[in-house]
file protein06.cif (mmCIF, N, CA and C atoms)
data_run
loop_
_atom_site.label_atom_id
_atom_site.label_comp_id
_atom_site.auth_asym_id
_atom_site.auth_seq_id
_atom_site.Cartn_x
_atom_site.Cartn_y
_atom_site.Cartn_z
N MET A 285 13.10 10.07 -4.26
CA MET A 285 12.49 9.23 -3.28
C MET A 285 11.10 8.85 -3.78
N ARG A 286 10.66 7.63 -3.44
CA ARG A 286 9.32 7.17 -3.80
C ARG A 286 8.42 7.30 -2.58
N LEU A 287 7.27 7.94 -2.77
CA LEU A 287 6.34 8.17 -1.68
C LEU A 287 5.01 7.51 -1.97
N MET A 288 4.50 6.74 -1.02
CA MET A 288 3.18 6.13 -1.13
C MET A 288 2.24 6.98 -0.29
N LEU A 289 1.26 7.58 -0.97
CA LEU A 289 0.35 8.51 -0.29
C LEU A 289 -0.93 7.81 0.14
N ASP A 290 -1.39 8.14 1.31
CA ASP A 290 -2.64 7.62 1.83
C ASP A 290 -3.81 8.42 1.23
N THR A 291 -4.99 7.83 1.27
CA THR A 291 -6.18 8.46 0.69
C THR A 291 -6.44 9.84 1.30
N CYS A 292 -6.30 9.96 2.61
CA CYS A 292 -6.60 11.26 3.24
C CYS A 292 -5.64 12.34 2.76
N VAL A 293 -4.40 11.98 2.47
CA VAL A 293 -3.43 12.96 1.94
C VAL A 293 -3.85 13.38 0.53
N ILE A 294 -4.29 12.42 -0.27
CA ILE A 294 -4.73 12.73 -1.63
C ILE A 294 -5.94 13.66 -1.60
N ILE A 295 -6.87 13.39 -0.70
CA ILE A 295 -8.05 14.26 -0.57
C ILE A 295 -7.63 15.67 -0.16
N ASP A 296 -6.70 15.77 0.77
CA ASP A 296 -6.21 17.09 1.18
C ASP A 296 -5.57 17.83 0.01
N LEU A 297 -4.83 17.10 -0.82
CA LEU A 297 -4.21 17.73 -1.99
C LEU A 297 -5.25 18.17 -3.01
N LEU A 298 -6.27 17.33 -3.22
CA LEU A 298 -7.32 17.66 -4.19
C LEU A 298 -8.16 18.86 -3.77
N THR A 299 -8.37 19.00 -2.48
CA THR A 299 -9.26 20.04 -1.97
C THR A 299 -8.50 21.26 -1.44
N ASP A 300 -7.19 21.26 -1.59
CA ASP A 300 -6.35 22.35 -1.08
C ASP A 300 -6.54 22.59 0.41
N ALA A 301 -6.79 21.52 1.15
CA ALA A 301 -6.95 21.63 2.61
C ALA A 301 -5.60 21.97 3.23
N GLU A 302 -5.65 22.60 4.36
CA GLU A 302 -4.43 23.01 5.06
C GLU A 302 -4.02 22.00 6.13
N ASN A 303 -4.46 20.75 6.00
CA ASN A 303 -4.17 19.74 7.02
C ASN A 303 -2.75 19.20 6.95
N LEU A 304 -2.11 19.31 5.80
CA LEU A 304 -0.75 18.79 5.65
C LEU A 304 0.27 19.77 6.20
N GLY A 305 1.26 19.24 6.87
CA GLY A 305 2.33 20.07 7.37
C GLY A 305 3.25 20.53 6.25
N THR A 306 4.10 21.49 6.54
CA THR A 306 5.00 22.02 5.51
C THR A 306 6.00 20.96 5.06
N GLY A 307 6.45 20.10 5.96
CA GLY A 307 7.40 19.05 5.60
C GLY A 307 6.79 18.08 4.60
N ALA A 308 5.54 17.69 4.84
CA ALA A 308 4.84 16.79 3.93
C ALA A 308 4.62 17.46 2.58
N ARG A 309 4.18 18.71 2.61
CA ARG A 309 3.95 19.44 1.36
C ARG A 309 5.25 19.59 0.55
N ASP A 310 6.35 19.83 1.26
CA ASP A 310 7.64 19.97 0.57
C ASP A 310 8.04 18.66 -0.11
N LEU A 311 7.86 17.54 0.59
CA LEU A 311 8.19 16.23 0.01
C LEU A 311 7.33 15.93 -1.21
N ILE A 312 6.03 16.21 -1.09
CA ILE A 312 5.10 15.92 -2.18
C ILE A 312 5.35 16.81 -3.38
N SER A 313 5.70 18.06 -3.15
CA SER A 313 5.89 18.99 -4.26
C SER A 313 7.29 18.90 -4.88
N ASP A 314 8.20 18.18 -4.26
CA ASP A 314 9.55 18.02 -4.80
C ASP A 314 9.50 17.21 -6.09
N PRO A 315 9.92 17.79 -7.22
CA PRO A 315 9.84 17.08 -8.51
C PRO A 315 10.73 15.85 -8.58
N GLU A 316 11.70 15.73 -7.69
CA GLU A 316 12.58 14.55 -7.66
C GLU A 316 11.86 13.33 -7.08
N ASN A 317 10.79 13.55 -6.32
CA ASN A 317 10.06 12.46 -5.69
C ASN A 317 8.99 11.91 -6.61
N VAL A 318 8.79 10.61 -6.57
CA VAL A 318 7.77 9.94 -7.37
C VAL A 318 6.63 9.56 -6.43
N LEU A 319 5.40 9.92 -6.80
CA LEU A 319 4.25 9.72 -5.92
C LEU A 319 3.43 8.51 -6.39
N PHE A 320 3.03 7.68 -5.42
CA PHE A 320 2.22 6.51 -5.69
C PHE A 320 1.01 6.48 -4.77
N ALA A 321 -0.01 5.77 -5.20
CA ALA A 321 -1.18 5.47 -4.37
C ALA A 321 -1.60 4.05 -4.70
N SER A 322 -2.22 3.40 -3.75
CA SER A 322 -2.65 2.02 -3.96
C SER A 322 -3.98 1.98 -4.69
N CYS A 323 -4.30 0.83 -5.21
CA CYS A 323 -5.62 0.64 -5.83
C CYS A 323 -6.71 0.80 -4.78
N GLU A 324 -6.39 0.49 -3.54
CA GLU A 324 -7.37 0.69 -2.46
C GLU A 324 -7.68 2.17 -2.30
N SER A 325 -6.70 3.01 -2.45
CA SER A 325 -6.95 4.46 -2.40
C SER A 325 -7.86 4.89 -3.54
N MET A 326 -7.67 4.28 -4.70
CA MET A 326 -8.54 4.58 -5.84
C MET A 326 -9.99 4.23 -5.49
N ARG A 327 -10.17 3.05 -4.92
CA ARG A 327 -11.51 2.61 -4.54
C ARG A 327 -12.09 3.54 -3.47
N GLU A 328 -11.29 3.91 -2.49
CA GLU A 328 -11.76 4.79 -1.42
C GLU A 328 -12.17 6.17 -1.95
N LEU A 329 -11.43 6.68 -2.93
CA LEU A 329 -11.79 7.97 -3.52
C LEU A 329 -13.13 7.90 -4.24
N VAL A 330 -13.37 6.80 -4.96
CA VAL A 330 -14.65 6.63 -5.66
C VAL A 330 -15.79 6.50 -4.65
N VAL A 331 -15.58 5.71 -3.60
CA VAL A 331 -16.61 5.55 -2.57
C VAL A 331 -16.87 6.89 -1.89
N HIS A 332 -15.81 7.59 -1.58
CA HIS A 332 -15.93 8.90 -0.94
C HIS A 332 -16.76 9.85 -1.82
N PHE A 333 -16.49 9.85 -3.10
CA PHE A 333 -17.24 10.69 -4.03
C PHE A 333 -18.70 10.24 -4.10
N ASN A 334 -18.93 8.93 -4.25
CA ASN A 334 -20.29 8.40 -4.38
C ASN A 334 -21.13 8.60 -3.13
N ASN A 335 -20.50 8.72 -1.97
CA ASN A 335 -21.22 8.95 -0.72
C ASN A 335 -21.50 10.44 -0.49
N LYS A 336 -21.31 11.24 -1.52
CA LYS A 336 -21.62 12.68 -1.47
C LYS A 336 -20.82 13.42 -0.40
N LYS A 337 -19.56 13.05 -0.32
CA LYS A 337 -18.69 13.72 0.65
C LYS A 337 -18.07 14.95 0.01
N LEU A 338 -17.03 15.42 0.59
CA LEU A 338 -16.37 16.67 0.22
C LEU A 338 -15.98 16.78 -1.25
N LEU A 339 -15.59 15.70 -1.89
CA LEU A 339 -15.10 15.76 -3.27
C LEU A 339 -16.17 16.21 -4.26
N ASN A 340 -17.45 16.05 -3.92
CA ASN A 340 -18.52 16.46 -4.84
C ASN A 340 -18.53 17.96 -5.08
N ARG A 341 -17.96 18.72 -4.18
CA ARG A 341 -17.89 20.17 -4.37
C ARG A 341 -16.89 20.56 -5.45
N TYR A 342 -15.95 19.67 -5.73
CA TYR A 342 -14.85 19.99 -6.64
C TYR A 342 -14.92 19.27 -7.99
N PHE A 343 -15.62 18.12 -8.04
CA PHE A 343 -15.63 17.30 -9.25
C PHE A 343 -17.04 16.86 -9.60
N LYS A 344 -17.29 16.67 -10.90
CA LYS A 344 -18.62 16.26 -11.35
C LYS A 344 -18.82 14.76 -11.31
N THR A 345 -17.76 13.99 -11.59
CA THR A 345 -17.86 12.53 -11.58
C THR A 345 -16.66 11.93 -10.85
N SER A 346 -16.80 10.68 -10.47
CA SER A 346 -15.68 10.01 -9.80
C SER A 346 -14.52 9.82 -10.78
N THR A 347 -14.82 9.70 -12.06
CA THR A 347 -13.77 9.60 -13.07
C THR A 347 -12.94 10.88 -13.10
N ASP A 348 -13.60 12.02 -12.93
CA ASP A 348 -12.88 13.30 -12.86
C ASP A 348 -11.91 13.33 -11.68
N VAL A 349 -12.32 12.74 -10.58
CA VAL A 349 -11.47 12.69 -9.38
C VAL A 349 -10.21 11.91 -9.71
N LEU A 350 -10.37 10.72 -10.28
CA LEU A 350 -9.23 9.85 -10.58
C LEU A 350 -8.31 10.47 -11.64
N LYS A 351 -8.89 11.14 -12.61
CA LYS A 351 -8.07 11.83 -13.62
C LYS A 351 -7.25 12.93 -12.98
N ALA A 352 -7.86 13.68 -12.06
CA ALA A 352 -7.14 14.75 -11.37
C ALA A 352 -5.97 14.20 -10.57
N VAL A 353 -6.17 13.06 -9.93
CA VAL A 353 -5.10 12.44 -9.14
C VAL A 353 -3.94 12.07 -10.06
N GLU A 354 -4.24 11.44 -11.18
CA GLU A 354 -3.19 10.97 -12.08
C GLU A 354 -2.55 12.10 -12.89
N GLU A 355 -3.36 13.01 -13.39
CA GLU A 355 -2.84 14.02 -14.31
C GLU A 355 -2.39 15.31 -13.61
N GLU A 356 -3.20 15.83 -12.71
CA GLU A 356 -2.87 17.09 -12.06
C GLU A 356 -1.88 16.91 -10.92
N LEU A 357 -2.09 15.88 -10.10
CA LEU A 357 -1.20 15.64 -8.97
C LEU A 357 -0.02 14.74 -9.33
N ASP A 358 -0.08 14.11 -10.50
CA ASP A 358 0.98 13.22 -10.99
C ASP A 358 1.26 12.08 -10.01
N ILE A 359 0.17 11.44 -9.57
CA ILE A 359 0.26 10.29 -8.67
C ILE A 359 -0.09 9.04 -9.47
N GLU A 360 0.78 8.04 -9.39
CA GLU A 360 0.56 6.79 -10.12
C GLU A 360 -0.14 5.78 -9.21
N PHE A 361 -1.26 5.23 -9.68
CA PHE A 361 -1.93 4.17 -8.95
C PHE A 361 -1.22 2.86 -9.23
N LEU A 362 -0.82 2.18 -8.17
CA LEU A 362 -0.13 0.90 -8.32
C LEU A 362 -1.14 -0.21 -8.59
N PRO A 363 -0.84 -1.09 -9.52
CA PRO A 363 -1.77 -2.18 -9.81
C PRO A 363 -1.73 -3.26 -8.75
N ILE A 364 -2.80 -4.00 -8.64
CA ILE A 364 -2.81 -5.17 -7.78
C ILE A 364 -2.23 -6.31 -8.62
N ARG A 365 -1.21 -6.95 -8.10
CA ARG A 365 -0.58 -8.03 -8.84
C ARG A 365 -0.63 -9.31 -8.03
N ARG A 366 -0.95 -10.34 -8.68
CA ARG A 366 -1.02 -11.64 -8.04
C ARG A 366 0.36 -12.28 -8.14
N ASN A 367 0.92 -12.59 -7.01
CA ASN A 367 2.25 -13.18 -6.96
C ASN A 367 2.11 -14.61 -6.44
N VAL A 368 1.99 -15.55 -7.36
CA VAL A 368 1.75 -16.94 -6.99
C VAL A 368 2.94 -17.52 -6.24
N GLY A 369 4.15 -17.16 -6.64
CA GLY A 369 5.35 -17.67 -5.97
C GLY A 369 5.38 -17.28 -4.51
N TYR A 370 5.05 -16.03 -4.21
CA TYR A 370 5.03 -15.58 -2.83
C TYR A 370 3.96 -16.31 -2.03
N ALA A 371 2.78 -16.47 -2.63
CA ALA A 371 1.68 -17.17 -1.94
C ALA A 371 2.07 -18.61 -1.64
N SER A 372 2.75 -19.27 -2.56
CA SER A 372 3.17 -20.65 -2.34
C SER A 372 4.18 -20.74 -1.20
N ARG A 373 5.15 -19.83 -1.18
CA ARG A 373 6.15 -19.83 -0.11
C ARG A 373 5.49 -19.53 1.24
N ALA A 374 4.56 -18.59 1.27
CA ALA A 374 3.89 -18.25 2.51
C ALA A 374 3.06 -19.43 3.01
N SER A 375 2.39 -20.12 2.10
CA SER A 375 1.59 -21.28 2.47
C SER A 375 2.46 -22.39 3.04
N ALA A 376 3.59 -22.66 2.39
CA ALA A 376 4.51 -23.70 2.87
C ALA A 376 5.06 -23.34 4.25
N LEU A 377 5.39 -22.08 4.47
CA LEU A 377 5.90 -21.64 5.76
C LEU A 377 4.85 -21.80 6.85
N MET A 378 3.60 -21.47 6.53
CA MET A 378 2.51 -21.62 7.52
C MET A 378 2.31 -23.09 7.88
N LYS A 379 2.35 -23.98 6.88
CA LYS A 379 2.21 -25.42 7.15
C LYS A 379 3.34 -25.92 8.03
N GLN A 380 4.55 -25.47 7.74
CA GLN A 380 5.72 -25.88 8.52
C GLN A 380 5.59 -25.40 9.97
N ALA A 381 5.19 -24.16 10.15
CA ALA A 381 5.04 -23.61 11.50
C ALA A 381 3.91 -24.31 12.24
N THR A 382 2.80 -24.60 11.56
CA THR A 382 1.68 -25.29 12.20
C THR A 382 2.07 -26.68 12.64
N THR A 383 2.77 -27.41 11.78
CA THR A 383 3.22 -28.77 12.11
C THR A 383 4.15 -28.75 13.31
N ALA A 384 5.10 -27.83 13.32
CA ALA A 384 6.05 -27.73 14.43
C ALA A 384 5.34 -27.36 15.73
N THR A 385 4.38 -26.46 15.66
CA THR A 385 3.64 -26.04 16.85
C THR A 385 2.78 -27.19 17.36
N GLN A 386 2.11 -27.92 16.48
CA GLN A 386 1.28 -29.05 16.90
C GLN A 386 2.13 -30.13 17.54
N ALA A 387 3.30 -30.39 16.99
CA ALA A 387 4.18 -31.41 17.57
C ALA A 387 4.63 -31.00 18.96
N THR A 388 4.95 -29.75 19.14
CA THR A 388 5.40 -29.25 20.44
C THR A 388 4.25 -29.23 21.43
N MET A 389 3.07 -28.82 20.98
CA MET A 389 1.91 -28.74 21.87
C MET A 389 1.50 -30.12 22.37
N SER A 390 1.69 -31.15 21.55
CA SER A 390 1.30 -32.49 21.97
C SER A 390 2.25 -33.04 23.03
N SER A 391 3.50 -32.57 23.05
CA SER A 391 4.45 -33.08 24.03
C SER A 391 4.54 -32.22 25.29
N SER A 392 4.17 -30.97 25.21
CA SER A 392 4.21 -30.10 26.39
C SER A 392 3.16 -29.00 26.22
N PRO A 393 2.64 -28.48 27.33
CA PRO A 393 1.60 -27.46 27.22
C PRO A 393 2.09 -26.13 26.64
N MET A 394 3.39 -25.85 26.75
CA MET A 394 3.93 -24.59 26.27
C MET A 394 4.97 -24.86 25.19
N PRO A 395 4.86 -24.22 24.00
CA PRO A 395 5.86 -24.45 22.96
C PRO A 395 7.25 -24.01 23.41
N SER A 396 8.23 -24.83 23.10
CA SER A 396 9.60 -24.48 23.46
C SER A 396 10.18 -23.59 22.36
N PRO A 397 11.25 -22.85 22.69
CA PRO A 397 11.86 -22.00 21.66
C PRO A 397 12.32 -22.77 20.43
N SER A 398 12.62 -24.07 20.60
CA SER A 398 13.08 -24.84 19.46
C SER A 398 11.97 -25.07 18.44
N ALA A 399 10.71 -24.81 18.81
CA ALA A 399 9.60 -24.99 17.88
C ALA A 399 9.54 -23.88 16.85
N TRP A 400 10.20 -22.78 17.14
CA TRP A 400 10.17 -21.65 16.21
C TRP A 400 11.26 -21.82 15.18
N HIS A 401 10.92 -21.59 13.94
CA HIS A 401 11.87 -21.73 12.83
C HIS A 401 12.19 -20.36 12.28
N SER A 402 13.39 -20.26 11.72
CA SER A 402 13.70 -18.99 11.06
C SER A 402 12.89 -18.90 9.78
N CYS A 403 12.58 -17.71 9.38
CA CYS A 403 11.79 -17.52 8.17
C CYS A 403 12.38 -16.38 7.37
N ARG A 404 11.95 -16.29 6.14
CA ARG A 404 12.42 -15.23 5.24
C ARG A 404 11.26 -14.29 4.97
N VAL A 405 11.47 -13.01 5.25
CA VAL A 405 10.47 -11.99 4.96
C VAL A 405 10.93 -11.24 3.73
N THR A 406 10.06 -11.12 2.76
CA THR A 406 10.40 -10.43 1.52
C THR A 406 9.67 -9.11 1.45
N THR A 407 10.42 -8.06 1.21
CA THR A 407 9.80 -6.75 1.05
C THR A 407 10.03 -6.27 -0.37
N THR A 408 9.05 -5.58 -0.89
CA THR A 408 9.14 -5.07 -2.25
C THR A 408 8.72 -3.62 -2.25
N SER A 409 9.56 -2.77 -2.77
CA SER A 409 9.20 -1.35 -2.86
C SER A 409 8.19 -1.17 -3.98
N PRO A 410 7.44 -0.05 -3.97
CA PRO A 410 6.44 0.16 -5.02
C PRO A 410 7.03 0.09 -6.42
N SER A 411 8.22 0.65 -6.62
CA SER A 411 8.79 0.63 -7.96
C SER A 411 9.19 -0.78 -8.35
N THR A 412 9.63 -1.58 -7.37
CA THR A 412 10.00 -2.95 -7.66
C THR A 412 8.77 -3.75 -8.04
N ALA A 413 7.67 -3.50 -7.37
CA ALA A 413 6.45 -4.25 -7.66
C ALA A 413 5.95 -3.95 -9.06
N THR A 414 6.08 -2.71 -9.49
CA THR A 414 5.54 -2.36 -10.80
C THR A 414 6.51 -2.64 -11.94
N ARG A 415 7.79 -2.71 -11.63
CA ARG A 415 8.77 -2.89 -12.70
C ARG A 415 9.38 -4.29 -12.71
N GLY A 416 9.01 -5.14 -11.74
CA GLY A 416 9.48 -6.52 -11.73
C GLY A 416 10.96 -6.65 -11.39
N LEU A 417 11.51 -5.73 -10.60
CA LEU A 417 12.90 -5.82 -10.20
C LEU A 417 13.05 -6.75 -9.01
N ASN A 418 14.28 -6.97 -8.59
CA ASN A 418 14.52 -7.85 -7.46
C ASN A 418 14.00 -7.25 -6.17
N SER A 419 13.51 -8.11 -5.30
CA SER A 419 13.06 -7.65 -3.99
C SER A 419 14.17 -7.94 -2.98
N SER A 420 14.08 -7.36 -1.80
CA SER A 420 15.08 -7.60 -0.78
C SER A 420 14.52 -8.56 0.24
N SER A 421 15.42 -9.34 0.86
CA SER A 421 14.98 -10.34 1.84
C SER A 421 15.73 -10.13 3.13
N THR A 422 15.09 -10.48 4.23
CA THR A 422 15.67 -10.39 5.54
C THR A 422 15.43 -11.69 6.26
N GLU A 423 16.47 -12.24 6.87
CA GLU A 423 16.33 -13.46 7.65
C GLU A 423 15.86 -13.09 9.04
N ILE A 424 14.88 -13.82 9.54
CA ILE A 424 14.40 -13.64 10.91
C ILE A 424 14.66 -14.93 11.64
N ALA A 425 15.44 -14.87 12.69
CA ALA A 425 15.78 -16.07 13.45
C ALA A 425 15.14 -16.00 14.82
N PRO A 426 14.98 -17.14 15.51
CA PRO A 426 14.38 -17.14 16.85
C PRO A 426 15.19 -16.35 17.84
#
call {"tool": "encode", "arguments": {"input": "protein06.cif", "output": "structure tokens"}}
result
Amino acid sequence: MRLMLDTCVIIDLLTDAENLGTGARDLISDPENVLFASCESMRELVVHFNNKKLLNRYFKTSTDVLKAVEEELDIEFLPIRRNVGYASRASALMKQATTATQATMSSSPMPSPSAWHSCRVTTTSPSTATRGLNSSSTEIAP
């Protein structure tokens, strides 16, 4: 199973805090599971360290914190990737929805159900985002 860990969970793991339940600890320690964290978590850990919070008791530099996350906890930081195709589709969908809503609003004060269009929502798992595999799509209808 692939697990995306939040910053507070990573801090608890780094500091050996007892805040995590046994179920969470079991999932995280299971060698079959792959652990991920976002780039935002990386930034939050550095900010947390630089603000002289709890991590300063355990590490000398913010680089040491990030090394511990990657090497000792075996958590992979996911890269931020720019997906131009997704942005273009999202922009086109927003324009279509805005046009339909404006047309409906000009003819009646309340949009009718026919003004809503079906849309496609694309979800990508962490491994798909990093390995460029196919994403899954779900149709949403009015």
call {"tool": "atom_distance", "arguments": {"input": "protein06.cif", "atom1": "atom CA of A:Lys379", "atom2": "atom CA of A:Pro363"}}
result
29.0 Å
call {"tool": "resolve_selection", "arguments": {"input": "protein06.cif", "expression": "the PyMOL selection byres (((chain A and resi 318 and name CA) around 7) and name CA)", "output": "compact mmCIF listing (two decimals) with N, CA and C atoms, in the coordinates of the input"}}
result
# COMPACT_ATOMS: atom_id res chain seq x y z
N MET A 285 13.10 10.07 -4.26
CA MET A 285 12.49 9.23 -3.28
C MET A 285 11.10 8.85 -3.78
N ARG A 286 10.66 7.63 -3.44
CA ARG A 286 9.32 7.17 -3.80
C ARG A 286 8.42 7.30 -2.58
N LEU A 287 7.27 7.94 -2.77
CA LEU A 287 6.34 8.17 -1.68
C LEU A 287 5.01 7.51 -1.97
N GLU A 316 11.70 15.73 -7.69
CA GLU A 316 12.58 14.55 -7.66
C GLU A 316 11.86 13.33 -7.08
N ASN A 317 10.79 13.55 -6.32
CA ASN A 317 10.06 12.46 -5.69
C ASN A 317 8.99 11.91 -6.61
N LEU A 319 5.40 9.92 -6.80
CA LEU A 319 4.25 9.72 -5.92
C LEU A 319 3.43 8.51 -6.39
N PHE A 320 3.03 7.68 -5.42
CA PHE A 320 2.22 6.51 -5.69
C PHE A 320 1.01 6.48 -4.77
call {"tool": "atom_distance", "arguments": {"input": "protein06.cif", "atom1": "atom CA of A:Ile295", "atom2": "atom CA of A:Leu329"}}
result
7.9 Å
call {"tool": "atom_distance", "arguments": {"input": "protein06.cif", "atom1": "atom CA of A:Pro315", "atom2": "atom N of A:Glu302"}}
result
20.9 Å
call {"tool": "resolve_selection", "arguments": {"input": "protein06.cif", "expression": "the PyMOL selection byres (((chain A and resi 357-362 and name CA) around 9) and name CA)", "output": "CSV table (one decimal) with N, CA and C atoms, keeping the file's coordinate frame"}}
result
chain,number,residue,atom,x,y,z
A,289,LEU,N,1.3,7.6,-1.0
A,289,LEU,CA,0.4,8.5,-0.3
A,289,LEU,C,-0.9,7.8,0.1
A,294,ILE,N,-4.3,12.4,-0.3
A,294,ILE,CA,-4.7,12.7,-1.6
A,294,ILE,C,-5.9,13.7,-1.6
A,297,LEU,N,-4.8,17.1,-0.8
A,297,LEU,CA,-4.2,17.7,-2.0
A,297,LEU,C,-5.2,18.2,-3.0
A,298,LEU,N,-6.3,17.3,-3.2
A,298,LEU,CA,-7.3,17.7,-4.2
A,298,LEU,C,-8.2,18.9,-3.8
A,318,VAL,N,8.8,10.6,-6.6
A,318,VAL,CA,7.8,9.9,-7.4
A,318,VAL,C,6.6,9.6,-6.4
A,319,LEU,N,5.4,9.9,-6.8
A,319,LEU,CA,4.2,9.7,-5.9
A,319,LEU,C,3.4,8.5,-6.4
A,320,PHE,N,3.0,7.7,-5.4
A,320,PHE,CA,2.2,6.5,-5.7
A,320,PHE,C,1.0,6.5,-4.8
A,321,ALA,N,0.0,5.8,-5.2
A,321,ALA,CA,-1.2,5.5,-4.4
A,321,ALA,C,-1.6,4.0,-4.7
A,322,SER,N,-2.2,3.4,-3.8
A,322,SER,CA,-2.6,2.0,-4.0
A,322,SER,C,-4.0,2.0,-4.7
A,323,CYS,N,-4.3,0.8,-5.2
A,323,CYS,CA,-5.6,0.6,-5.8
A,323,CYS,C,-6.7,0.8,-4.8
A,325,SER,N,-6.7,3.0,-2.4
A,325,SER,CA,-7.0,4.5,-2.4
A,325,SER,C,-7.9,4.9,-3.5
A,326,MET,N,-7.7,4.3,-4.7
A,326,MET,CA,-8.5,4.6,-5.8
A,326,MET,C,-10.0,4.2,-5.5
A,352,ALA,N,-7.9,13.7,-12.1
A,352,ALA,CA,-7.1,14.8,-11.4
A,352,ALA,C,-6.0,14.2,-10.6
A,353,VAL,N,-6.2,13.1,-9.9
A,353,VAL,CA,-5.1,12.4,-9.1
A,353,VAL,C,-3.9,12.1,-10.1
A,354,GLU,N,-4.2,11.4,-11.2
A,354,GLU,CA,-3.2,11.0,-12.1
A,354,GLU,C,-2.6,12.1,-12.9
A,355,GLU,N,-3.4,13.0,-13.4
A,355,GLU,CA,-2.8,14.0,-14.3
A,355,GLU,C,-2.4,15.3,-13.6
A,356,GLU,N,-3.2,15.8,-12.7
A,356,GLU,CA,-2.9,17.1,-12.1
A,356,GLU,C,-1.9,16.9,-10.9
A,363,PRO,N,-0.8,-1.1,-9.5
A,363,PRO,CA,-1.8,-2.2,-9.8
A,363,PRO,C,-1.7,-3.3,-8.8
A,364,ILE,N,-2.8,-4.0,-8.6
A,364,ILE,CA,-2.8,-5.2,-7.8
A,364,ILE,C,-2.2,-6.3,-8.6
A,365,ARG,N,-1.2,-7.0,-8.1
A,365,ARG,CA,-0.6,-8.0,-8.8
A,365,ARG,C,-0.6,-9.3,-8.0
A,410,PRO,N,7.4,0.0,-4.0
A,410,PRO,CA,6.4,0.2,-5.0
A,410,PRO,C,7.0,0.1,-6.4
A,411,SER,N,8.2,0.6,-6.6
A,411,SER,CA,8.8,0.6,-8.0
A,411,SER,C,9.2,-0.8,-8.4
A,413,ALA,N,7.7,-3.5,-7.4
A,413,ALA,CA,6.4,-4.2,-7.7
A,413,ALA,C,6.0,-4.0,-9.1
A,414,THR,N,6.1,-2.7,-9.5
A,414,THR,CA,5.5,-2.4,-10.8
A,414,THR,C,6.5,-2.6,-11.9
call {"tool": "axis_aligned_box", "arguments": {"input": "protein06.cif", "around": "stretch 288-307 of chain A", "padding_each_side": "4 Å", "output": "lines of an AutoDock Vina configuration file"}}
result
center_x = -0.9
center_y = 14.6
center_z = 1.6
size_x = 24.7
size_y = 24.9
size_z = 19.6
call {"tool": "residues_around", "arguments": {"input": "protein06.cif", "residues": "A:Glu328", "least_positions_apart": "6", "cutoff": "10 Å", "atoms": "only C-alpha atoms", "output": "PDB file with N, CA and C atoms, keeping the file's coordinate frame"}}
result
ATOM      1  N   THR A 291      -4.990   7.830   1.270  1.00  0.00           N
ATOM      2  CA  THR A 291      -6.180   8.460   0.690  1.00  0.00           C
ATOM      3  C   THR A 291      -6.440   9.840   1.300  1.00  0.00           C
ATOM      4  N   CYS A 292      -6.300   9.960   2.610  1.00  0.00           N
ATOM      5  CA  CYS A 292      -6.600  11.260   3.240  1.00  0.00           C
ATOM      6  C   CYS A 292      -5.640  12.340   2.760  1.00  0.00           C
ATOM      7  N   SER A 322      -2.220   3.400  -3.750  1.00  0.00           N
ATOM      8  CA  SER A 322      -2.650   2.020  -3.960  1.00  0.00           C
ATOM      9  C   SER A 322      -3.980   1.980  -4.690  1.00  0.00           C
ATOM     10  N   ASN A 334     -18.930   8.930  -4.250  1.00  0.00           N
ATOM     11  CA  ASN A 334     -20.290   8.400  -4.380  1.00  0.00           C
ATOM     12  C   ASN A 334     -21.130   8.600  -3.130  1.00  0.00           C
TER      13      ASN A 334
END
